[in-house]
Each structure stands twice: as C-alpha cells, then as structure tokens.
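So this one's input-v2.txt, compact mmCIF, C-alpha atoms:
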# COMPACT_ATOMS: atom_id res chain seq x y z
CA MET Y 22 18.44 14.75 -16.11
CA THR Y 23 19.02 11.54 -14.17
CA GLU Y 24 16.78 8.64 -15.19
CA PHE Y 25 16.15 5.07 -14.14
CA ASP Y 26 16.20 2.53 -16.97
CA VAL Y 27 13.74 -0.21 -15.98
CA LEU Y 28 15.09 -3.68 -16.82
CA ALA Y 29 12.50 -5.75 -14.90
CA THR Y 30 9.44 -4.97 -12.77
CA GLY Y 31 8.46 -8.16 -10.95
CA PRO Y 32 4.72 -8.96 -10.64
CA LEU Y 33 3.65 -5.31 -10.23
CA THR Y 34 5.43 -1.98 -9.81
CA VAL Y 35 3.48 1.29 -9.62
CA LEU Y 36 4.21 4.91 -8.81
CA CYS Y 37 2.80 6.33 -5.60
CA ASP Y 38 2.70 9.24 -3.19
CA LEU Y 39 0.01 9.96 -0.59
CA GLY Y 40 -2.67 10.07 -3.27
CA ARG Y 41 -5.35 12.48 -4.40
CA PRO Y 42 -7.77 12.99 -1.47
CA GLY Y 43 -10.79 15.25 -1.77
CA TYR Y 44 -12.30 13.94 -5.00
CA ALA Y 45 -14.70 11.30 -3.66
CA THR Y 46 -17.70 13.45 -4.64
CA VAL Y 47 -16.73 13.00 -8.30
CA GLY Y 48 -16.02 9.28 -7.90
CA VAL Y 49 -12.22 9.40 -7.58
CA SER Y 50 -10.53 7.26 -4.93
CA PRO Y 51 -7.63 8.76 -2.93
CA SER Y 52 -5.29 5.96 -4.13
CA GLY Y 53 -1.62 6.47 -3.09
CA ALA Y 54 0.75 4.13 -1.27
CA ALA Y 55 -0.82 0.97 0.14
CA ASP Y 56 1.52 1.01 3.16
CA ARG Y 57 1.66 4.70 3.97
CA GLY Y 58 4.00 4.30 6.92
CA ALA Y 59 6.63 2.62 4.73
CA TYR Y 60 6.23 5.31 2.07
CA ARG Y 61 6.61 8.13 4.60
CA LEU Y 62 9.69 6.53 6.13
CA GLY Y 63 11.37 6.47 2.72
CA GLN Y 64 10.82 10.19 2.22
CA ARG Y 65 11.99 11.02 5.72
CA LEU Y 66 15.20 9.01 5.24
CA LEU Y 67 15.93 11.17 2.20
CA GLY Y 68 15.04 14.44 3.92
CA GLN Y 69 12.18 15.41 1.64
CA SER Y 70 8.47 16.11 1.90
CA TYR Y 71 5.70 13.56 1.64
CA ASP Y 72 4.63 14.58 -1.87
CA ALA Y 73 7.61 12.97 -3.69
CA ALA Y 74 6.66 10.06 -5.96
CA ALA Y 75 8.16 6.67 -5.10
CA LEU Y 76 7.90 3.17 -6.56
CA GLU Y 77 5.74 0.55 -4.86
CA VAL Y 78 7.09 -2.91 -5.76
CA THR Y 79 4.91 -5.97 -5.11
CA LEU Y 80 6.84 -9.19 -4.32
CA GLY Y 81 10.16 -7.77 -5.49
CA GLY Y 82 11.73 -8.45 -8.86
CA LEU Y 83 12.48 -4.83 -9.81
CA SER Y 84 15.76 -4.05 -11.61
CA VAL Y 85 16.74 -0.48 -12.51
CA ARG Y 86 19.91 1.15 -13.81
CA SER Y 87 20.65 4.78 -12.92
CA SER Y 88 22.00 7.21 -15.52
CA GLY Y 89 23.39 9.53 -12.83
CA LEU Y 90 24.22 9.84 -9.16
CA VAL Y 91 21.15 9.65 -6.95
CA TRP Y 92 20.36 8.99 -3.28
CA VAL Y 93 17.81 6.22 -2.73
CA ALA Y 94 16.13 4.38 0.15
CA LEU Y 95 14.29 1.06 0.42
CA THR Y 96 11.51 0.59 2.99
CA GLY Y 97 8.69 -1.87 3.61
CA ALA Y 98 9.27 -5.54 2.82
CA GLU Y 99 12.98 -6.38 2.72
CA THR Y 100 14.08 -7.98 -0.54
CA GLY Y 101 17.80 -8.67 -0.13
CA ALA Y 102 18.55 -5.85 -2.58
CA THR Y 103 21.91 -5.57 -4.35
CA VAL Y 104 23.81 -2.86 -6.24
CA ASP Y 105 26.02 -4.37 -8.92
CA GLY Y 106 25.75 -7.65 -7.02
CA ARG Y 107 26.73 -6.24 -3.62
CA PRO Y 108 24.12 -6.26 -0.82
CA VAL Y 109 22.64 -2.95 0.34
CA ALA Y 110 20.70 -2.35 3.54
CA ALA Y 111 17.03 -1.45 3.73
CA GLY Y 112 15.86 1.36 5.97
CA ALA Y 113 18.90 3.58 5.33
CA PRO Y 114 19.78 5.93 2.45
CA PHE Y 115 22.52 4.95 0.01
CA VAL Y 116 23.96 6.28 -3.26
CA LEU Y 117 23.56 4.87 -6.74
CA GLN Y 118 26.45 5.91 -8.98
CA PRO Y 119 25.97 6.45 -12.75
CA GLY Y 120 25.50 3.12 -14.50
CA GLN Y 121 24.98 1.06 -11.36
CA LEU Y 122 22.31 -1.63 -11.32
CA LEU Y 123 19.89 -1.98 -8.40
CA ARG Y 124 18.09 -5.32 -8.10
CA LEU Y 125 15.35 -6.31 -5.65
CA GLY Y 126 14.91 -9.98 -4.81
CA ARG Y 127 11.76 -11.64 -3.51
CA PRO Y 128 10.93 -10.67 0.08
CA ARG Y 129 10.89 -13.47 2.63
CA ALA Y 130 8.15 -11.67 4.58
CA GLY Y 131 5.79 -8.88 3.64
CA LEU Y 132 4.47 -7.95 0.22
CA ARG Y 133 5.32 -4.38 -0.78
CA THR Y 134 8.67 -2.57 -0.97
CA TYR Y 135 9.06 1.17 -1.53
CA LEU Y 136 11.92 2.57 -3.59
CA SER Y 137 12.27 6.28 -2.86
CA VAL Y 138 14.71 8.64 -4.58
CA ARG Y 139 15.97 12.08 -3.63
CA GLY Y 140 13.91 14.43 -5.82
CA GLY Y 141 11.12 11.90 -6.42
CA PHE Y 142 10.12 10.53 -9.80
CA GLY Y 143 9.27 13.36 -12.18
CA VAL Y 144 6.25 11.87 -13.93
CA PRO Y 145 3.20 14.07 -14.70
CA ALA Y 146 0.69 14.56 -11.89
CA VAL Y 147 -3.03 13.89 -12.35
CA LEU Y 148 -5.36 15.77 -9.98
CA GLY Y 149 -2.34 16.72 -7.89
CA SER Y 150 -0.93 13.20 -7.49
CA ARG Y 151 1.54 10.94 -9.28
CA SER Y 152 -0.09 7.77 -7.92
CA THR Y 153 -1.22 4.91 -10.11
CA ASP Y 154 -4.90 4.07 -9.48
CA LEU Y 155 -5.58 0.54 -10.70
CA LEU Y 156 -9.36 0.83 -10.22
CA SER Y 157 -10.01 4.04 -12.16
CA GLY Y 158 -6.97 4.05 -14.44
CA LEU Y 159 -5.99 7.55 -13.33
CA GLY Y 160 -2.35 8.50 -12.94
CA PRO Y 161 0.67 6.91 -14.60
CA PRO Y 162 0.27 3.33 -15.86
CA PRO Y 163 2.03 0.49 -14.04
CA VAL Y 164 5.78 0.53 -14.66
CA ARG Y 165 6.94 -1.72 -17.52
CA ARG Y 166 10.24 -3.13 -18.67
CA GLY Y 167 11.90 -0.62 -20.99
CA ASP Y 168 10.44 2.45 -19.25
CA ARG Y 169 12.75 5.35 -18.45
CA LEU Y 170 11.70 7.08 -15.24
CA PRO Y 171 12.98 10.65 -14.79
CA ILE Y 172 14.19 11.80 -11.37
CA GLY Y 173 12.84 15.18 -10.31
CA PRO Y 174 14.89 18.18 -9.16
CA VAL Y 175 16.77 17.63 -5.91
CA PRO Y 176 15.34 19.88 -3.16
CA ALA Y 177 17.65 22.74 -2.21
CA GLU Y 178 17.18 22.03 1.50
CA LEU Y 179 16.47 19.02 3.63
CA ALA Y 180 12.87 18.75 4.81
CA PHE Y 181 12.52 17.47 8.36
CA ALA Y 182 8.99 16.15 8.08
CA PRO Y 183 7.21 15.25 11.32
CA VAL Y 184 7.10 11.59 12.29
CA ASP Y 185 3.33 11.22 11.93
CA PHE Y 186 3.41 7.53 11.14
CA ALA Y 187 4.18 4.17 12.71
CA VAL Y 188 6.82 1.88 11.20
CA THR Y 189 5.98 -1.82 11.42
CA ALA Y 190 8.23 -4.55 10.05
CA PRO Y 191 6.44 -6.94 7.68
CA ALA Y 192 7.93 -9.98 9.50
CA ARG Y 193 5.79 -10.71 12.54
CA PRO Y 194 4.24 -13.68 14.36
CA GLU Y 195 1.02 -14.96 12.86
CA PRO Y 196 -1.77 -14.22 13.04
CA THR Y 197 -1.28 -10.48 12.53
CA GLU Y 198 -3.57 -8.60 14.90
CA LEU Y 199 -5.44 -5.69 13.34
CA ALA Y 200 -7.00 -2.93 15.47
CA THR Y 201 -10.42 -1.82 14.25
CA GLY Y 202 -13.16 0.54 15.27
CA PRO Y 203 -16.85 -0.35 14.91
CA GLY Y 204 -18.31 0.15 11.47
CA PRO Y 205 -21.54 2.04 10.70
CA ARG Y 206 -23.45 -1.24 10.14
CA LEU Y 207 -22.22 -3.26 13.10
CA ASP Y 208 -25.85 -3.94 14.07
CA TRP Y 209 -26.49 -5.71 10.76
CA PHE Y 210 -24.62 -8.80 12.00
CA ALA Y 211 -25.98 -11.56 14.21
CA ASP Y 212 -22.75 -11.76 16.25
CA PRO Y 213 -20.22 -9.00 15.50
CA THR Y 214 -17.70 -10.62 17.87
CA GLN Y 215 -17.34 -13.45 15.35
CA LEU Y 216 -15.13 -11.04 13.40
CA THR Y 217 -12.64 -11.01 16.28
CA ARG Y 218 -12.97 -14.71 17.18
CA THR Y 219 -12.10 -15.93 13.67
CA ARG Y 220 -8.60 -16.32 12.27
CA TRP Y 221 -8.87 -15.15 8.69
CA THR Y 222 -6.72 -16.27 5.76
CA VAL Y 223 -5.64 -13.72 3.13
CA SER Y 224 -6.97 -14.78 -0.27
CA SER Y 225 -4.91 -14.77 -3.46
CA ASP Y 226 -7.77 -12.76 -4.97
CA SER Y 227 -6.43 -9.56 -3.38
CA ASN Y 228 -4.84 -6.42 -4.80
CA ARG Y 229 -4.43 -2.68 -4.18
CA VAL Y 230 -8.22 -2.28 -4.25
CA GLY Y 231 -8.85 -4.64 -1.37
CA VAL Y 232 -7.73 -7.68 0.61
CA ARG Y 233 -10.20 -10.56 0.50
CA LEU Y 234 -10.30 -12.82 3.56
CA GLN Y 235 -11.46 -16.42 4.02
CA GLY Y 236 -12.86 -17.96 7.19
CA THR Y 237 -16.11 -18.78 8.96
CA ALA Y 238 -18.75 -16.70 7.17
CA LEU Y 239 -20.17 -13.73 9.08
CA ARG Y 240 -23.96 -14.04 9.45
CA ARG Y 241 -26.42 -11.22 8.97
CA ASP Y 242 -28.95 -10.36 11.67
CA PRO Y 243 -32.38 -11.65 10.49
CA ALA Y 244 -33.73 -8.11 10.80
CA HIS Y 245 -31.22 -6.89 8.20
CA LEU Y 246 -31.35 -9.31 5.29
CA GLY Y 247 -32.45 -6.75 2.71
CA GLU Y 248 -30.49 -4.54 0.37
CA LEU Y 249 -28.43 -1.61 1.64
CA PRO Y 250 -28.25 1.64 -0.36
CA SER Y 251 -24.75 2.53 -1.49
CA GLU Y 252 -22.76 4.33 1.21
CA PRO Y 253 -19.37 6.09 1.24
CA LEU Y 254 -16.29 3.93 1.73
CA VAL Y 255 -12.91 4.77 3.24
CA ARG Y 256 -9.49 3.13 3.30
CA GLY Y 257 -9.50 0.38 5.93
CA ALA Y 258 -13.25 -0.30 5.73
CA ILE Y 259 -14.18 -3.96 6.35
CA GLN Y 260 -17.09 -4.66 4.02
CA VAL Y 261 -19.01 -7.93 4.15
CA PRO Y 262 -20.68 -9.14 0.92
CA PRO Y 263 -23.44 -11.80 0.91
CA SER Y 264 -20.82 -14.58 1.06
CA GLY Y 265 -19.97 -13.46 4.61
CA GLN Y 266 -16.26 -13.31 3.71
CA PRO Y 267 -14.86 -9.82 4.58
CA VAL Y 268 -13.04 -7.51 2.21
CA VAL Y 269 -10.65 -4.89 3.65
CA PHE Y 270 -10.35 -1.92 1.31
CA LEU Y 271 -6.92 -0.49 0.50
CA ALA Y 272 -5.63 2.52 -1.44
CA ASP Y 273 -7.53 2.07 -4.72
CA HIS Y 274 -10.89 1.30 -3.10
CA PRO Y 275 -14.20 2.40 -4.66
CA VAL Y 276 -15.72 5.51 -3.11
CA THR Y 277 -19.11 3.86 -2.42
CA GLY Y 278 -20.38 0.36 -1.72
CA GLY Y 279 -23.69 -1.41 -1.15
CA TYR Y 280 -22.66 -4.03 1.42
CA PRO Y 281 -22.56 -3.42 5.19
CA VAL Y 282 -19.30 -2.28 6.79
CA ILE Y 283 -18.70 -4.09 10.09
CA GLY Y 284 -15.53 -2.21 11.07
CA VAL Y 285 -12.87 0.27 9.98
CA LEU Y 286 -9.18 -0.45 10.58
CA THR Y 287 -6.88 2.11 12.13
CA PRO Y 288 -4.38 3.68 9.68
CA GLU Y 289 -1.57 1.61 11.22
CA ALA Y 290 -3.57 -1.62 10.92
CA THR Y 291 -4.37 -0.82 7.28
CA ASP Y 292 -0.63 -0.51 6.63
CA LEU Y 293 -0.16 -3.93 8.27
CA ILE Y 294 -2.73 -5.71 6.13
CA ALA Y 295 -1.30 -4.00 3.03
CA GLN Y 296 1.83 -6.08 3.72
CA ALA Y 297 -0.08 -9.37 4.18
CA ARG Y 298 0.54 -12.06 1.56
CA PRO Y 299 -1.89 -14.71 0.27
CA GLY Y 300 -2.05 -17.48 2.85
CA ASP Y 301 -1.12 -15.22 5.78
CA LEU Y 302 -3.37 -15.29 8.85
CA VAL Y 303 -4.90 -12.15 10.34
CA GLY Y 304 -7.15 -11.42 13.30
CA PHE Y 305 -9.18 -8.40 14.33
CA ARG Y 306 -9.42 -6.63 17.68
CA PHE Y 307 -12.04 -4.01 18.44
CA ARG Y 308 -10.46 -0.99 20.14
CA ALA Y 309 -11.69 -0.19 23.63
Can you dump the structure from the file as structure tokens?
Amino acid sequence: MTEFDVLATGPLTVLCDLGRPGYATVGVSPSGAADRGAYRLGQRLLGQSYDAAALEVTLGGLSVRSSGLVWVALTGAETGATVDGRPVAAGAPFVLQPGQLLRLGRPRAGLRTYLSVRGGFGVPAVLGSRSTDLLSGLGPPPVRRGDRLPIGPVPAELAFAPVDFAVTAPARPEPTELATGPGPRLDWFADPTQLTRTRWTVSSDSNRVGVRLQGTALRRDPAHLGELPSEPLVRGAIQVPPSGQPVVFLADHPVTGGYPVIGVLTPEATDLIAQARPGDLVGFRFRA
C-alpha cells in the first residue's frame, strides 16, 4: 500500500471531502472542504469522483514523502510547490515517484491549498465522510508530523464528474466582492444596505468554523433589540452578534445560532471568502 510520510504540516492540515450532510437534526455540521470548488477541481483533474479524501493545507508548509508511485494534483492557493527541489505546476496532475519529497511553500495569495491523490486518502470514514470537523471533533484529527497517510485503491476507470462548480483563483483585486442573498432576519437591521456599503476586513480570529469581519458595526432596528430563539444555520450564513461585526460561517459551522442572519452567500462566494486571509478586504453585493 502506498503511503505518505508526513514530515511537516504548516499551521493546519486536515483531511476533507464534501462532508457529511443530512445530520443537522442530531447536531452534526456538514463540515468538508472549505473551498469546495478547489476540492472538486482536484478530483476532476485526477479523474475520480467527489467522495475521495484530500488534504486541505492552510498557509502552506506541508511536506510529504511518497512510498510509491501516485498521481497527485494541487488546487486552490498556489504555494510554489516543489518535488525534490524542482518546481511543479498547480492545477494539473503530476506523478510522485517512490521516495520523492513534495513540499508546499507559503502562498502569496489565498489561504487554502488542496492536495488530491488518485485513490484518495484511505482513512476511516465517520458518518460517511473522511472530513475533519474542528468544531465537533468528528472525523480524523488534524494531520501531524510523523503521520503515515495511506492512499486508497486506485479506481479501475476514470470518472468524468460533471463540472458543477466554479473555479476562482485566490489572487484577485481587493476588495473581494461576495454575492449574497437576503437572510431570514434582514428586517432586524436599521439599514441592511450598510452591509454592502462597508468594506470589511478579515479578522485574524477566523478559522474553518467562520470568518470574522471588522468594520462599521451593523445596527439593529429598534423594534428588534430583544433575544432571538436559536435558528438553523447553513454554510455561507452571515450572522451578526451584538457587536455588529458579521461572522460568515464556513464548513465546520454550528447547526443553530441565536443571532440574526442578515444574508447568505452563494456557494461560489463562500468558496471565495474561504480563501480570504486576515487583513484582506471584502465587500458584499445583494443579488438582484
């Protein structure tokens, strides 16, 4: 069995697929890849289905050595990756020979890089998914130095999965514009258009659960200053706590929340903000 020997992980490396949807009623978040478009692209480049486990690498720094021959692909934030010191391209499949060392540098733009392998990573599934959920602790733990990650069986045939995703490069002019639909509690805010008129800064207090933003505080409508019973939450929901500073929920979000949701990002926009780094600027645009 081919394995990856993990020599370094960078700030955070986790396993991911498209998550474990359908368990919200028992308090389990879908989890899965933060940037789903980048994850899907990696699987399509390798000709396999969207249930293969990949590695999600935050801010680069991953180093792995392969024990056998394996096809791999890198998508998402470009890291200036090398194999035995020689540069390799992102967004295209390439081969790792037995004993070769793959290193990911620090991306100049974007936050998360996806390392996909032909056959996927053969770690045990929990509730049908091999995704790490940082909020609940379900799934495999974050990858650590010294881990040996098994590669699953190579599919007998290529899978030509449909292109049901948008690919967006992490490098883009600032501020990043994020398309959103109205949230269920839009009327709880004195001026909902303030969300779109403000240029928000991504806070360093962000992770796979949610992206915290900083800017001019959103004000509640005087008629809605009371408490809100907990309501269901989805990926891309823009929740506004009493501070007035929005939080955009990502893959490992809680399934319920007690603060009003002013908007919900499109799936493509949620992928975009999943690639935003602390200090980046973002803006919102309500869809027509």
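Closest approach to Y:Gly236 among Y:Asp212, Y:Gly53, Y:Leu36, Y:Pro267: Y:Pro267, based on all atoms listed in the file.
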Near-Y:Cys37 list (7 Å; all atoms listed in the file; drop same-chain fewer than 5 positions) as number ranges by chain: Y: 53-54, 74-77, 151-153
May I have the residues from that selection written out with C-alpha atoms, as a PDB file, in the frame of the given file?
ATOM      1  CA  GLY Y  53      -1.620   6.470  -3.090  1.00  0.00           C
ATOM      2  CA  ALA Y  54       0.750   4.130  -1.270  1.00  0.00           C
ATOM      3  CA  ALA Y  74       6.660  10.060  -5.960  1.00  0.00           C
ATOM      4  CA  ALA Y  75       8.160   6.670  -5.100  1.00  0.00           C
ATOM      5  CA  LEU Y  76       7.900   3.170  -6.560  1.00  0.00           C
ATOM      6  CA  GLU Y  77       5.740   0.550  -4.860  1.00  0.00           C
ATOM      7  CA  ARG Y 151       1.540  10.940  -9.280  1.00  0.00           C
ATOM      8  CA  SER Y 152      -0.090   7.770  -7.920  1.00  0.00           C
ATOM      9  CA  THR Y 153      -1.220   4.910 -10.110  1.00  0.00           C
TER      10      THR Y 153
END
Counting only C-alpha atoms, the option among Y:Phe142, Y:Glu248, Y:Arg169, Y:Arg298 closest to Y:Asp226: Y:Arg298
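When only C-alpha atoms are used to compute distances to Y:Leu254, the closest of the residues Y:Ala45, Y:Glu198, Y:Leu39, Y:Leu90 turns out to be Y:Ala45.
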May I have the protein, DNA and RNA residues with any atom at most 9 Å from the point (-22.3, -15.4, 11.5), counting all atoms listed in the file, written as a VMD selection string? chain Y and resid 210 to 213 215 to 216 237 to 242 265
Find the residues around Y:Val261 up to 8 Å (all atoms listed in the file counted), leave out those fewer than 2 positions away in its own chain, and share them as JSON, numbers by chain. {"Y": [239, 259, 263, 264, 265, 266, 267, 268, 280, 281, 282, 283]}
Figure out the distance between atom CA of Y:Asp273 and atom CA of Y:Thr217, please, to one decimal in Å. 25.3 Å
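The two atoms in question, atom CA of Y:Pro108 and atom CA of Y:Gly126, are spaced 10.7 Å apart.
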Neighbour list for Y:Tyr135 as a ChimeraX atom specification, cut-off 10 Å, all atoms listed in the file, skip fewer than 4 positions in-chain: /Y:34-37,54,56-57,59-64,75-79,81,94-99,111
Among the residues Y:Arg306, Y:Arg220, Y:His245, Y:Arg256, the one that comes closest to Y:Val232 [using only C-alpha atoms]: Y:Arg256
Once you count only C-alpha atoms, which residues end up no further than 8 Å from (24.9, -3.0, -10.1) in the file's frame, shown as an MDAnalysis selection string? chainID Y and resid 86 103:107 120:124
Please provide the set of residues having any atom within 8 Å of Y:Ala110, restricted to all atoms listed in the file, with same-chain residues fewer than 3 positions apart removed, written as a PDB file with C-alpha atoms, in the frame of the given file.
ATOM      1  CA  LEU Y  95      14.290   1.060   0.420  1.00  0.00           C
ATOM      2  CA  GLY Y 101      17.800  -8.670  -0.130  1.00  0.00           C
ATOM      3  CA  ALA Y 102      18.550  -5.850  -2.580  1.00  0.00           C
ATOM      4  CA  ALA Y 113      18.900   3.580   5.330  1.00  0.00           C
TER       5      ALA Y 113
END
What is the atom CA of Y:Glu195 to atom CA of Y:Pro288 distance in Å? 19.7 Å
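Near Y:His274, within 9 Å and counting only C-alpha atoms, sit Ser50, Pro51, Ser52, Leu156, Arg229, Val230, Gly231, Leu254, Val255, Arg256 and Phe270 of chain Y; same-chain residues fewer than 4 positions away were not included.
Closest to Y:Ser225 among Y:Gly257, Y:Gly300, Y:Gly140, Y:Gly278 is Y:Gly300, based on all atoms listed in the file.
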What would stretch 84-120 of chain Y look like with N, CA and C atoms in place, written as a CSV table (one decimal), in the frame of the given file?
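To be explicit, this is the file written out as rebuild.csv:
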chain,number,residue,atom,x,y,z
Y,84,SER,N,14.4,-4.3,-11.3
Y,84,SER,CA,15.8,-4.0,-11.6
Y,84,SER,C,15.8,-2.7,-12.4
Y,85,VAL,N,16.6,-1.8,-11.9
Y,85,VAL,CA,16.7,-0.5,-12.5
Y,85,VAL,C,18.2,-0.1,-12.6
Y,86,ARG,N,18.6,0.6,-13.6
Y,86,ARG,CA,19.9,1.2,-13.8
Y,86,ARG,C,19.8,2.7,-13.8
Y,87,SER,N,20.7,3.3,-13.0
Y,87,SER,CA,20.6,4.8,-12.9
Y,87,SER,C,21.6,5.4,-13.9
Y,88,SER,N,21.1,6.5,-14.6
Y,88,SER,CA,22.0,7.2,-15.5
Y,88,SER,C,22.9,8.2,-14.8
Y,89,GLY,N,22.6,8.5,-13.6
Y,89,GLY,CA,23.4,9.5,-12.8
Y,89,GLY,C,23.5,9.2,-11.4
Y,90,LEU,N,24.1,10.0,-10.6
Y,90,LEU,CA,24.2,9.8,-9.2
Y,90,LEU,C,22.9,10.2,-8.5
Y,91,VAL,N,22.4,9.4,-7.6
Y,91,VAL,CA,21.2,9.6,-7.0
Y,91,VAL,C,21.1,8.9,-5.6
Y,92,TRP,N,20.6,9.6,-4.6
Y,92,TRP,CA,20.4,9.0,-3.3
Y,92,TRP,C,19.0,8.2,-3.3
Y,93,VAL,N,19.0,7.0,-2.8
Y,93,VAL,CA,17.8,6.2,-2.7
Y,93,VAL,C,17.6,5.6,-1.4
Y,94,ALA,N,16.4,5.1,-1.1
Y,94,ALA,CA,16.1,4.4,0.2
Y,94,ALA,C,15.1,3.3,-0.1
Y,95,LEU,N,15.2,2.2,0.5
Y,95,LEU,CA,14.3,1.1,0.4
Y,95,LEU,C,13.6,0.8,1.8
Y,96,THR,N,12.3,0.8,1.8
Y,96,THR,CA,11.5,0.6,3.0
Y,96,THR,C,10.4,-0.4,2.7
Y,97,GLY,N,9.7,-0.8,3.8
Y,97,GLY,CA,8.7,-1.9,3.6
Y,97,GLY,C,9.3,-3.3,3.7
Y,98,ALA,N,8.8,-4.2,2.8
Y,98,ALA,CA,9.3,-5.5,2.8
Y,98,ALA,C,10.7,-5.6,2.3
Y,99,GLU,N,11.6,-6.3,3.1
Y,99,GLU,CA,13.0,-6.4,2.7
Y,99,GLU,C,13.2,-7.5,1.7
Y,100,THR,N,14.0,-7.1,0.6
Y,100,THR,CA,14.1,-8.0,-0.5
Y,100,THR,C,15.5,-8.5,-0.8
Y,101,GLY,N,16.4,-8.3,0.1
Y,101,GLY,CA,17.8,-8.7,-0.1
Y,101,GLY,C,18.4,-8.0,-1.4
Y,102,ALA,N,18.2,-6.6,-1.4
Y,102,ALA,CA,18.6,-5.8,-2.6
Y,102,ALA,C,20.1,-5.8,-2.8
Y,103,THR,N,20.5,-5.7,-4.0
Y,103,THR,CA,21.9,-5.6,-4.4
Y,103,THR,C,22.1,-4.4,-5.3
Y,104,VAL,N,23.3,-3.8,-5.3
Y,104,VAL,CA,23.8,-2.9,-6.2
Y,104,VAL,C,25.0,-3.4,-6.9
Y,105,ASP,N,24.9,-3.7,-8.2
Y,105,ASP,CA,26.0,-4.4,-8.9
Y,105,ASP,C,26.5,-5.6,-8.2
Y,106,GLY,N,25.5,-6.4,-7.7
Y,106,GLY,CA,25.8,-7.6,-7.0
Y,106,GLY,C,26.1,-7.6,-5.6
Y,107,ARG,N,26.3,-6.4,-5.0
Y,107,ARG,CA,26.7,-6.2,-3.6
Y,107,ARG,C,25.5,-5.9,-2.8
Y,108,PRO,N,25.3,-6.5,-1.6
Y,108,PRO,CA,24.1,-6.3,-0.8
Y,108,PRO,C,24.1,-4.8,-0.3
Y,109,VAL,N,22.9,-4.3,-0.3
Y,109,VAL,CA,22.6,-3.0,0.3
Y,109,VAL,C,21.5,-3.1,1.4
Y,110,ALA,N,21.6,-2.3,2.4
Y,110,ALA,CA,20.7,-2.4,3.5
Y,110,ALA,C,19.4,-1.6,3.2
Y,111,ALA,N,18.3,-2.2,3.8
Y,111,ALA,CA,17.0,-1.4,3.7
Y,111,ALA,C,16.9,-0.5,4.9
Y,112,GLY,N,16.1,0.5,4.8
Y,112,GLY,CA,15.9,1.4,6.0
Y,112,GLY,C,17.0,2.4,6.2
Y,113,ALA,N,17.8,2.6,5.2
Y,113,ALA,CA,18.9,3.6,5.3
Y,113,ALA,C,19.2,4.1,3.9
Y,114,PRO,N,19.5,5.4,3.8
Y,114,PRO,CA,19.8,5.9,2.4
Y,114,PRO,C,21.1,5.4,2.0
Y,115,PHE,N,21.2,5.3,0.6
Y,115,PHE,CA,22.5,5.0,0.0
Y,115,PHE,C,22.6,5.6,-1.4
Y,116,VAL,N,23.7,5.6,-2.0
Y,116,VAL,CA,24.0,6.3,-3.3
Y,116,VAL,C,24.0,5.3,-4.4
Y,117,LEU,N,23.3,5.6,-5.5
Y,117,LEU,CA,23.6,4.9,-6.7
Y,117,LEU,C,24.4,5.7,-7.6
Y,118,GLN,N,25.6,5.2,-8.1
Y,118,GLN,CA,26.4,5.9,-9.0
Y,118,GLN,C,26.0,5.7,-10.4
Y,119,PRO,N,26.4,6.6,-11.3
Y,119,PRO,CA,26.0,6.4,-12.8
Y,119,PRO,C,26.3,5.1,-13.3
Y,120,GLY,N,25.3,4.4,-13.9
Y,120,GLY,CA,25.5,3.1,-14.5
Y,120,GLY,C,25.3,1.9,-13.6
